[in-house]
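K.L.:
Got run.txt for you, compact mmCIF, C-alpha atoms:
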```txt
# COMPACT_ATOMS: atom_id res chain seq x y z
CA MET A 1 0.00 0.00 0.00
CA ASN A 2 2.78 2.41 0.98
CA GLU A 3 4.61 1.60 -2.23
CA LEU A 4 1.48 2.35 -4.25
CA ILE A 5 1.13 5.76 -2.56
CA ALA A 6 4.82 6.47 -3.30
CA VAL A 7 4.24 5.56 -6.97
CA LEU A 8 1.26 7.93 -7.15
CA ILE A 9 3.17 10.77 -5.47
CA CYS A 10 6.08 10.29 -7.89
CA LEU A 11 3.66 10.30 -10.83
CA PHE A 12 2.26 13.58 -9.50
CA GLY A 13 5.81 14.89 -8.93
CA GLY A 14 6.70 14.23 -12.56
CA LEU A 15 3.42 15.80 -13.69
CA THR A 16 4.21 18.94 -11.67
CA GLY A 17 7.74 18.96 -13.10
CA GLY A 18 6.44 18.82 -16.65
CA LEU A 19 3.78 21.48 -16.06
CA VAL A 20 5.90 24.09 -14.30
CA GLY A 21 9.51 23.17 -15.17
CA VAL A 22 10.85 21.97 -11.84
CA GLY A 23 12.54 18.68 -11.02
CA GLY A 24 9.85 17.34 -8.70
CA GLY A 25 12.10 16.85 -5.69
CA VAL A 26 9.60 18.74 -3.54
CA LEU A 27 7.39 15.64 -3.82
CA PHE A 28 9.98 12.87 -4.33
CA VAL A 29 11.72 13.48 -1.01
CA PRO A 30 8.61 13.08 1.19
CA ALA A 31 7.53 10.04 -0.87
CA LEU A 32 10.89 8.40 -0.22
CA THR A 33 11.06 9.22 3.51
CA ILE A 34 7.43 8.70 4.55
CA PHE A 35 6.33 5.84 2.30
CA ILE A 36 9.57 4.03 1.44
CA GLY A 37 11.31 4.61 4.75
CA LEU A 38 14.59 6.10 3.57
CA THR A 39 16.46 8.53 5.83
CA GLN A 40 16.40 12.21 4.89
CA VAL A 41 19.94 12.05 3.43
CA GLU A 42 19.21 8.86 1.47
CA ALA A 43 15.95 10.35 0.22
CA GLU A 44 17.59 13.59 -0.94
CA SER A 45 20.35 11.72 -2.79
CA THR A 46 17.91 9.26 -4.37
CA SER A 47 15.56 12.11 -5.26
CA LEU A 48 18.46 13.78 -7.10
CA LEU A 49 18.81 10.68 -9.31
CA MET A 50 15.08 10.80 -10.05
CA ILE A 51 15.21 14.54 -10.76
CA VAL A 52 17.98 14.01 -13.34
CA VAL A 53 15.99 11.28 -15.10
CA VAL A 54 12.77 13.34 -15.04
CA ALA A 55 14.57 16.49 -16.22
CA ILE A 56 16.27 14.63 -19.11
CA VAL A 57 12.93 13.28 -20.35
CA GLY A 58 11.14 16.58 -19.69
CA ALA A 59 13.82 18.67 -21.43
CA TYR A 60 13.83 16.23 -24.37
CA ARG A 61 10.06 16.57 -24.76
CA GLN A 62 10.14 20.35 -24.34
CA ASN A 63 12.95 20.57 -26.90
CA GLY A 64 10.69 18.69 -29.30
CA TYR A 65 8.01 21.33 -28.71
CA GLY A 66 10.60 24.06 -29.39
CA ASN A 67 10.69 25.30 -25.79
CA VAL A 68 14.38 24.93 -24.85
CA ARG A 69 17.24 27.46 -25.15
CA LEU A 70 20.15 25.07 -24.79
CA ARG A 71 22.96 27.62 -24.57
CA GLU A 72 21.22 29.55 -21.79
CA ALA A 73 20.41 26.33 -19.94
CA LEU A 74 24.06 25.24 -20.11
CA ILE A 75 25.28 28.54 -18.67
CA VAL A 76 22.76 28.46 -15.82
CA GLY A 77 23.56 24.82 -15.03
CA ALA A 78 27.32 25.22 -15.24
CA LEU A 79 27.28 28.12 -12.75
CA SER A 80 25.23 26.26 -10.15
CA PRO A 81 28.22 24.70 -8.29
CA LEU A 82 29.43 28.25 -7.59
CA GLY A 83 26.03 28.89 -6.05
CA VAL A 84 26.31 25.79 -3.88
CA ILE A 85 29.60 27.16 -2.49
CA VAL A 86 27.97 30.57 -1.89
CA GLY A 87 25.06 28.80 -0.17
CA VAL A 88 27.36 26.88 2.18
CA ALA A 89 29.23 30.10 3.02
CA LEU A 90 25.91 31.84 3.75
CA ALA A 91 24.74 28.95 5.94
CA ASN A 92 27.89 29.29 8.04
CA HIS A 93 27.22 32.97 8.77
CA ILE A 94 23.44 33.29 8.91
CA SER A 95 21.05 31.21 11.02
CA GLU A 96 19.06 28.55 9.17
CA ARG A 97 15.82 30.11 10.38
CA ALA A 98 16.74 33.51 8.94
CA LEU A 99 17.61 31.86 5.60
CA GLN A 100 14.34 29.92 5.56
CA LEU A 101 12.28 33.04 6.26
CA SER A 102 14.23 35.05 3.66
CA PHE A 103 13.61 32.44 1.00
CA ALA A 104 9.95 32.16 2.02
CA ALA A 105 9.61 35.95 1.58
CA LEU A 106 11.35 35.78 -1.81
CA ALA A 107 9.09 32.92 -2.92
CA LEU A 108 5.96 34.88 -1.92
CA PHE A 109 7.27 37.99 -3.70
CA MET A 110 7.97 36.03 -6.90
CA ALA A 111 4.52 34.38 -6.68
CA ALA A 112 2.87 37.81 -6.46
CA GLN A 113 4.93 39.10 -9.40
CA LEU A 114 4.04 36.06 -11.53
CA VAL A 115 0.34 36.49 -10.83
CA ARG A 116 0.45 40.24 -11.51
CA ARG A 117 2.33 39.69 -14.75
CA ALA A 118 -0.03 36.93 -15.91
CA ARG A 119 -3.11 39.03 -15.11
CA SER A 120 -1.86 42.00 -17.12
CA ALA A 121 -0.75 39.84 -20.07
CA MET B 1 17.33 48.76 -32.60
CA PRO B 2 14.87 46.04 -31.53
CA ALA B 3 14.13 45.86 -27.82
CA GLU B 4 15.19 42.23 -27.50
CA ALA B 5 18.74 43.01 -28.68
CA ALA B 6 20.02 43.22 -25.09
CA THR B 7 23.78 43.53 -24.76
CA PRO B 8 25.22 39.99 -24.59
CA ASP B 9 27.43 40.86 -21.60
CA ASN B 10 24.44 41.98 -19.63
CA ALA B 11 22.56 38.80 -20.54
CA LEU B 12 25.54 36.65 -19.55
CA TRP B 13 25.74 38.28 -16.12
CA LYS B 14 22.05 37.71 -15.57
CA LEU B 15 22.33 34.05 -16.61
CA ALA B 16 25.32 33.64 -14.30
CA ALA B 17 23.30 35.19 -11.47
CA ILE B 18 20.40 32.80 -12.11
CA GLY B 19 22.75 29.80 -12.08
CA THR B 20 24.45 30.94 -8.88
CA LEU B 21 21.14 31.64 -7.11
CA ALA B 22 19.70 28.30 -8.27
CA GLY B 23 22.75 26.46 -6.92
CA ALA B 24 22.68 28.37 -3.64
CA PHE B 25 19.01 27.71 -2.95
CA SER B 26 19.15 24.07 -3.95
CA GLY B 27 22.16 23.61 -1.66
CA LEU B 28 20.50 25.45 1.23
CA PHE B 29 16.94 24.16 1.09
CA GLY B 30 17.05 21.10 -1.10
CA VAL B 31 14.48 22.73 -3.37
CA GLY B 32 15.47 22.24 -6.97
CA GLY B 33 16.86 25.17 -8.88
CA GLY B 34 13.67 25.31 -10.94
CA THR B 35 11.86 27.41 -8.35
CA ILE B 36 14.40 30.19 -9.01
CA ILE B 37 15.19 29.60 -12.69
CA VAL B 38 11.65 29.74 -14.08
CA PRO B 39 10.55 33.05 -12.48
CA LEU B 40 13.86 34.79 -13.20
CA LEU B 41 13.89 33.72 -16.86
CA ILE B 42 10.38 35.19 -17.10
CA PHE B 43 11.16 38.42 -15.19
CA TRP B 44 14.65 39.18 -16.49
CA PHE B 45 14.52 37.81 -20.03
CA GLY B 46 10.82 38.07 -20.83
CA TYR B 47 10.61 34.36 -21.67
CA GLY B 48 7.15 32.95 -22.17
CA GLU B 49 6.16 30.35 -19.58
CA ARG B 50 6.75 27.37 -21.90
CA LEU B 51 10.20 28.54 -22.95
CA ALA B 52 11.12 29.31 -19.32
CA THR B 53 10.01 25.90 -18.02
CA GLY B 54 11.63 23.99 -20.91
CA THR B 55 14.94 25.80 -20.48
CA SER B 56 14.70 25.29 -16.71
CA LEU B 57 14.35 21.51 -17.15
CA ALA B 58 17.46 21.47 -19.37
CA ALA B 59 19.41 23.47 -16.75
CA ILE B 60 18.19 21.10 -14.01
CA VAL B 61 19.76 18.17 -15.90
CA ILE B 62 23.17 19.85 -15.55
CA ILE B 63 22.56 21.00 -11.95
CA GLY B 64 21.36 17.53 -10.96
CA LEU B 65 24.27 15.75 -12.62
CA LEU B 66 26.82 18.04 -10.95
CA GLY B 67 25.03 17.64 -7.61
CA ALA B 68 24.86 13.86 -7.99
CA LEU B 69 28.57 13.72 -8.79
CA ALA B 70 29.28 15.63 -5.58
CA GLN B 71 26.82 13.76 -3.31
CA GLY B 72 25.94 10.32 -4.61
CA GLY B 73 29.38 9.62 -5.97
CA ILE B 74 31.16 10.41 -2.75
CA TYR B 75 28.79 9.33 0.00
CA GLY B 76 26.92 6.52 -1.68
CA ASN B 77 23.54 7.43 -0.19
CA VAL B 78 21.68 6.89 -3.44
CA HIS B 79 19.28 3.92 -3.49
CA VAL B 80 19.67 3.29 -7.21
CA GLY B 81 17.09 0.51 -7.57
CA THR B 82 14.37 2.36 -5.65
CA GLY B 83 15.15 5.58 -7.47
CA LEU B 84 14.96 3.99 -10.92
CA LEU B 85 11.74 2.12 -10.10
CA LEU B 86 10.03 5.27 -8.82
CA ALA B 87 11.42 7.20 -11.79
CA ILE B 88 9.08 5.16 -14.03
CA PRO B 89 5.85 6.79 -12.76
CA ALA B 90 7.72 10.10 -12.53
CA ILE B 91 8.69 9.84 -16.22
CA ALA B 92 5.09 9.06 -17.14
CA GLY B 93 4.12 12.15 -15.14
CA VAL B 94 6.59 14.47 -16.82
CA VAL B 95 5.63 13.30 -20.32
CA LEU B 96 1.97 13.89 -19.45
CA GLY B 97 2.76 17.23 -17.76
CA THR B 98 4.72 18.64 -20.71
CA ALA B 99 1.99 17.49 -23.12
CA ILE B 100 -0.76 19.13 -21.02
CA GLN B 101 1.35 22.29 -20.77
CA GLN B 102 1.30 22.74 -24.57
CA ARG B 103 -2.52 22.72 -24.50
CA ILE B 104 -3.25 25.19 -21.69
CA PRO B 105 -2.82 28.99 -21.77
CA GLN B 106 0.69 30.12 -20.79
CA ARG B 107 -0.69 32.30 -17.99
CA ALA B 108 -2.15 29.17 -16.36
CA VAL B 109 1.44 27.95 -15.97
CA SER B 110 2.27 31.18 -14.12
CA TYR B 111 -0.68 30.65 -11.77
CA LEU B 112 0.35 27.04 -11.09
CA PHE B 113 3.91 28.17 -10.47
CA ALA B 114 2.72 30.88 -8.06
CA LEU B 115 0.76 28.20 -6.19
CA LEU B 116 3.88 26.04 -5.92
CA LEU B 117 5.91 29.01 -4.61
CA VAL B 118 3.27 29.75 -1.96
CA ALA B 119 3.30 26.08 -0.88
CA ILE B 120 7.09 26.17 -0.59
CA ALA B 121 6.95 29.42 1.41
CA VAL B 122 4.36 27.97 3.81
CA GLU B 123 6.45 24.82 4.27
CA LEU B 124 9.58 26.89 4.99
CA ILE B 125 7.74 29.11 7.49
CA LEU B 126 6.20 26.14 9.32
CA SER B 127 9.35 23.99 9.39
```
Show me, as structure tokens, the structure contained in the file I just sent.
P.N.:
Amino acid sequence: MNELIAVLICLFGGLTGGLVGVGGGVLFVPALTIFIGLTQVEAESTSLLMIVVVAIVGAYRQNGYGNVRLREALIVGALSPLGVIVGVALANHISERALQLSFAALALFMAAQLVRRARSA
Amino acid sequence: MPAEAATPDNALWKLAAIGTLAGAFSGLFGVGGGTIIVPLLIFWFGYGERLATGTSLAAIVIIGLLGALAQGGIYGNVHVGTGLLLAIPAIAGVVLGTAIQQRIPQRAVSYLFALLLVAIAVELILS
């Protein structure tokens, strides 16, 4: 039963990924911890594998629809390790709670901007 | 001069900023870079929602591979069998999701994305 729920959540995670262009990790990680019983670290690592597979298939499909700028994607992806280093440095100087609340505020701001932009389009 | 002829240097800096921010947030919160990449491609480059989400997925392939090399390769925490098995429904989902996305208005994608961002914010605030 638990496995079936995990399968459904992962199906939904992939669906979300395809619809809005994210990897789906937001849903894969809880599926792996709660319903498969992996530890948080195991779940995050395993989720990363799933994200890569989902993103390859999703990007391939989107490329077929003419919706991928490969050069831009390569630049963004290649710079991400620098960001990981910056993130670790930040985490060492700022409390986790402050970082969480900052990102929550940024996420809400971006959500409002997206809605405003879509309404005026 | 057409408006979209932005100076390449400027565009490169913005792309570099998006990549760095995506890496930082995925490292800090475990949320994929997509939550940052999609909105910023829309705001800063004026991408339509489909182009932004497609390009985001391609960038996530690179981000994920680099992250997996760093984590899975070194620590061996990846449950390969479980991951590949659960990737099957996830692949079905992403194929379905991208197909549906081509058939709905682009602004609907923005609304869905806003919903996802609000959910992430709520989860971060409550955690």
K.L.:
Mind pulling up the distance from CA of Ile18 in chain B to CA of Leu40 in chain B?
P.N.:
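These atoms are spaced 6.9 Å apart.
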K.L.:
Please report the interatomic distance between CA of Gln106 in chain B and CA of Gly19 in chain B in Å with one decimal.
P.N.:
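So the two atoms, CA of Gln106 in chain B and CA of Gly19 in chain B, lie 23.7 Å apart.
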K.L.:
Go ahead and compute the interatomic distance for CA of Ile60 in chain B and CA of Leu32 in chain A, in Å to one decimal.
P.N.:
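Going from CA of Ile60 in chain B over to CA of Leu32 in chain A covers 20.1 Å.
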K.L.:
Could you put an axis-aligned box around every listed atom of range 17-34 of chain B, padded by 4 Å on each side, and send me its centre and edge lengths in Å to one decimal, as lines of an AutoDock Vina configuration file?
P.N.:
```
center_x = 19.1
center_y = 28.1
center_z = -5.4
size_x = 18.8
size_y = 22.1
size_z = 21.3
```
K.L.:
For each of A:Gln113, A:Gln40, A:Thr33, A:Asn67, take the minimum atom-to-atom distance to chain B, counting all atoms listed in the file, then give the residue where this is smallest.
P.N.:
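Looking at the shortest contact to chain B, the residue is A:Asn67.
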K.L.:
Could you list, as JSON, numbers by chain, every residue within 7 Å of range 45-51 of chain A, counting all atoms listed in the file and ignoring same-chain residues fewer than 3 positions away?
P.N.:
{"A": [23, 24, 25, 28, 29, 41, 42, 54, 55], "B": [64, 68, 71, 72, 77, 78, 79, 80, 83, 84, 87]}
K.L.:
Can you write just those residues out, C-alpha atoms, as an mmCIF file, in the frame of the given file?
P.N.:
```
data_model
loop_
_atom_site.group_PDB
_atom_site.id
_atom_site.type_symbol
_atom_site.label_atom_id
_atom_site.label_comp_id
_atom_site.auth_asym_id
_atom_site.auth_seq_id
_atom_site.Cartn_x
_atom_site.Cartn_y
_atom_site.Cartn_z
ATOM 1 C CA GLY A 23 12.540 18.680 -11.020
ATOM 2 C CA GLY A 24 9.850 17.340 -8.700
ATOM 3 C CA GLY A 25 12.100 16.850 -5.690
ATOM 4 C CA PHE A 28 9.980 12.870 -4.330
ATOM 5 C CA VAL A 29 11.720 13.480 -1.010
ATOM 6 C CA VAL A 41 19.940 12.050 3.430
ATOM 7 C CA GLU A 42 19.210 8.860 1.470
ATOM 8 C CA VAL A 54 12.770 13.340 -15.040
ATOM 9 C CA ALA A 55 14.570 16.490 -16.220
ATOM 10 C CA GLY B 64 21.360 17.530 -10.960
ATOM 11 C CA ALA B 68 24.860 13.860 -7.990
ATOM 12 C CA GLN B 71 26.820 13.760 -3.310
ATOM 13 C CA GLY B 72 25.940 10.320 -4.610
ATOM 14 C CA ASN B 77 23.540 7.430 -0.190
ATOM 15 C CA VAL B 78 21.680 6.890 -3.440
ATOM 16 C CA HIS B 79 19.280 3.920 -3.490
ATOM 17 C CA VAL B 80 19.670 3.290 -7.210
ATOM 18 C CA GLY B 83 15.150 5.580 -7.470
ATOM 19 C CA LEU B 84 14.960 3.990 -10.920
ATOM 20 C CA ALA B 87 11.420 7.200 -11.790
#
```
K.L.:
Looking at A:Ala89, A:Ala118, A:Phe35, A:Gly64, which one is nearest to chain B, with distances taken over all atoms listed in the file?
P.N.:
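Using all atoms listed in the file, chain B sits closest to A:Ala118.
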K.L.:
Using all atoms listed in the file, which residues sit within 9 Å of Ala22 in chain B once same-chain residues fewer than 4 positions away are excluded, as an MDAnalysis selection string?
P.N.:
(chainID A and resid 76:77 79:80 83:84) or (chainID B and resid 17:18 26:27 32:37 63)
K.L.:
Which residue is closest to chain A? Choose from B:Asn10, B:Ser127, B:Gln102, B:Thr53 and count all atoms listed in the file.
P.N.:
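Distance minimum relative to chain A lands on B:Thr53.
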K.L.:
A:Ala112, A:Leu4, A:Leu90, A:Ile75: which is nearest Ala11 in chain B, counting only C-alpha atoms?
P.N.:
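The shortest atom-to-atom distance to Ala11 in chain B comes from A:Ile75.
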K.L.:
Tell me, as JSON, numbers by chain, which residues lie within 12 Å of Leu41 in chain B, counting only C-alpha atoms; anything in the same chain fewer than 2 positions away does not count.
P.N.:
{"A": [21, 68, 69, 72, 73, 76, 110, 114], "B": [11, 14, 15, 16, 17, 18, 19, 22, 34, 35, 36, 37, 38, 39, 43, 44, 45, 46, 47, 48, 49, 50, 51, 52, 53, 54, 55, 56, 59]}
K.L.:
With distances taken over all atoms listed in the file, which residue among A:Leu106, A:Leu11, A:Ala43, A:Ile94 lies nearest chain B?
P.N.:
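Closest candidate: A:Leu11.
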K.L.:
From the set B:Val61, B:Ile42, B:Leu96, B:Leu66, which residue has the shortest atom-to-atom contact distance to Ala111 in chain A, counting all atoms listed in the file?
P.N.:
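Using all atoms listed in the file, the shortest distance to Ala111 in chain A belongs to B:Ile42.
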K.L.:
Which residues, written as a list in words, have at least one atom at most 12 Å from Glu3 in chain A, with only C-alpha atoms counted and residues fewer than 2 positions away on the same chain left out?
P.N.:
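Close residues of Glu3 in chain A: Met1, Ile5, Ala6, Val7, Leu8, Ile9, Cys10, Ala31, Leu32, Thr33, Ile34, Phe35, Ile36 and Gly37 of chain A; Thr82, Leu85, Leu86 and Pro89 of chain B.
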K.L.:
Could those selected residues go to a file with C-alpha atoms, as a short mmCIF file (atom, residue, chain, number, x, y, z; two decimals), keeping the file's coordinate frame?
P.N.:
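This went into out-v3.cif:
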```cif
data_model
loop_
_atom_site.label_atom_id
_atom_site.label_comp_id
_atom_site.auth_asym_id
_atom_site.auth_seq_id
_atom_site.Cartn_x
_atom_site.Cartn_y
_atom_site.Cartn_z
CA MET A 1 0.00 0.00 0.00
CA ILE A 5 1.13 5.76 -2.56
CA ALA A 6 4.82 6.47 -3.30
CA VAL A 7 4.24 5.56 -6.97
CA LEU A 8 1.26 7.93 -7.15
CA ILE A 9 3.17 10.77 -5.47
CA CYS A 10 6.08 10.29 -7.89
CA ALA A 31 7.53 10.04 -0.87
CA LEU A 32 10.89 8.40 -0.22
CA THR A 33 11.06 9.22 3.51
CA ILE A 34 7.43 8.70 4.55
CA PHE A 35 6.33 5.84 2.30
CA ILE A 36 9.57 4.03 1.44
CA GLY A 37 11.31 4.61 4.75
CA THR B 82 14.37 2.36 -5.65
CA LEU B 85 11.74 2.12 -10.10
CA LEU B 86 10.03 5.27 -8.82
CA PRO B 89 5.85 6.79 -12.76
#
```
K.L.:
Saving range 2-108 of chain A with C-alpha atoms, as a tab-separated table (two decimals), in the first residue's frame, what would that file be?
P.N.:
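Output below, filename result-v2.tsv:
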```
chain	number	residue	atom	x	y	z
A	2	ASN	CA	2.78	2.41	0.98
A	3	GLU	CA	4.61	1.60	-2.23
A	4	LEU	CA	1.48	2.35	-4.25
A	5	ILE	CA	1.13	5.76	-2.56
A	6	ALA	CA	4.82	6.47	-3.30
A	7	VAL	CA	4.24	5.56	-6.97
A	8	LEU	CA	1.26	7.93	-7.15
A	9	ILE	CA	3.17	10.77	-5.47
A	10	CYS	CA	6.08	10.29	-7.89
A	11	LEU	CA	3.66	10.30	-10.83
A	12	PHE	CA	2.26	13.58	-9.50
A	13	GLY	CA	5.81	14.89	-8.93
A	14	GLY	CA	6.70	14.23	-12.56
A	15	LEU	CA	3.42	15.80	-13.69
A	16	THR	CA	4.21	18.94	-11.67
A	17	GLY	CA	7.74	18.96	-13.10
A	18	GLY	CA	6.44	18.82	-16.65
A	19	LEU	CA	3.78	21.48	-16.06
A	20	VAL	CA	5.90	24.09	-14.30
A	21	GLY	CA	9.51	23.17	-15.17
A	22	VAL	CA	10.85	21.97	-11.84
A	23	GLY	CA	12.54	18.68	-11.02
A	24	GLY	CA	9.85	17.34	-8.70
A	25	GLY	CA	12.10	16.85	-5.69
A	26	VAL	CA	9.60	18.74	-3.54
A	27	LEU	CA	7.39	15.64	-3.82
A	28	PHE	CA	9.98	12.87	-4.33
A	29	VAL	CA	11.72	13.48	-1.01
A	30	PRO	CA	8.61	13.08	1.19
A	31	ALA	CA	7.53	10.04	-0.87
A	32	LEU	CA	10.89	8.40	-0.22
A	33	THR	CA	11.06	9.22	3.51
A	34	ILE	CA	7.43	8.70	4.55
A	35	PHE	CA	6.33	5.84	2.30
A	36	ILE	CA	9.57	4.03	1.44
A	37	GLY	CA	11.31	4.61	4.75
A	38	LEU	CA	14.59	6.10	3.57
A	39	THR	CA	16.46	8.53	5.83
A	40	GLN	CA	16.40	12.21	4.89
A	41	VAL	CA	19.94	12.05	3.43
A	42	GLU	CA	19.21	8.86	1.47
A	43	ALA	CA	15.95	10.35	0.22
A	44	GLU	CA	17.59	13.59	-0.94
A	45	SER	CA	20.35	11.72	-2.79
A	46	THR	CA	17.91	9.26	-4.37
A	47	SER	CA	15.56	12.11	-5.26
A	48	LEU	CA	18.46	13.78	-7.10
A	49	LEU	CA	18.81	10.68	-9.31
A	50	MET	CA	15.08	10.80	-10.05
A	51	ILE	CA	15.21	14.54	-10.76
A	52	VAL	CA	17.98	14.01	-13.34
A	53	VAL	CA	15.99	11.28	-15.10
A	54	VAL	CA	12.77	13.34	-15.04
A	55	ALA	CA	14.57	16.49	-16.22
A	56	ILE	CA	16.27	14.63	-19.11
A	57	VAL	CA	12.93	13.28	-20.35
A	58	GLY	CA	11.14	16.58	-19.69
A	59	ALA	CA	13.82	18.67	-21.43
A	60	TYR	CA	13.83	16.23	-24.37
A	61	ARG	CA	10.06	16.57	-24.76
A	62	GLN	CA	10.14	20.35	-24.34
A	63	ASN	CA	12.95	20.57	-26.90
A	64	GLY	CA	10.69	18.69	-29.30
A	65	TYR	CA	8.01	21.33	-28.71
A	66	GLY	CA	10.60	24.06	-29.39
A	67	ASN	CA	10.69	25.30	-25.79
A	68	VAL	CA	14.38	24.93	-24.85
A	69	ARG	CA	17.24	27.46	-25.15
A	70	LEU	CA	20.15	25.07	-24.79
A	71	ARG	CA	22.96	27.62	-24.57
A	72	GLU	CA	21.22	29.55	-21.79
A	73	ALA	CA	20.41	26.33	-19.94
A	74	LEU	CA	24.06	25.24	-20.11
A	75	ILE	CA	25.28	28.54	-18.67
A	76	VAL	CA	22.76	28.46	-15.82
A	77	GLY	CA	23.56	24.82	-15.03
A	78	ALA	CA	27.32	25.22	-15.24
A	79	LEU	CA	27.28	28.12	-12.75
A	80	SER	CA	25.23	26.26	-10.15
A	81	PRO	CA	28.22	24.70	-8.29
A	82	LEU	CA	29.43	28.25	-7.59
A	83	GLY	CA	26.03	28.89	-6.05
A	84	VAL	CA	26.31	25.79	-3.88
A	85	ILE	CA	29.60	27.16	-2.49
A	86	VAL	CA	27.97	30.57	-1.89
A	87	GLY	CA	25.06	28.80	-0.17
A	88	VAL	CA	27.36	26.88	2.18
A	89	ALA	CA	29.23	30.10	3.02
A	90	LEU	CA	25.91	31.84	3.75
A	91	ALA	CA	24.74	28.95	5.94
A	92	ASN	CA	27.89	29.29	8.04
A	93	HIS	CA	27.22	32.97	8.77
A	94	ILE	CA	23.44	33.29	8.91
A	95	SER	CA	21.05	31.21	11.02
A	96	GLU	CA	19.06	28.55	9.17
A	97	ARG	CA	15.82	30.11	10.38
A	98	ALA	CA	16.74	33.51	8.94
A	99	LEU	CA	17.61	31.86	5.60
A	100	GLN	CA	14.34	29.92	5.56
A	101	LEU	CA	12.28	33.04	6.26
A	102	SER	CA	14.23	35.05	3.66
A	103	PHE	CA	13.61	32.44	1.00
A	104	ALA	CA	9.95	32.16	2.02
A	105	ALA	CA	9.61	35.95	1.58
A	106	LEU	CA	11.35	35.78	-1.81
A	107	ALA	CA	9.09	32.92	-2.92
A	108	LEU	CA	5.96	34.88	-1.92
```
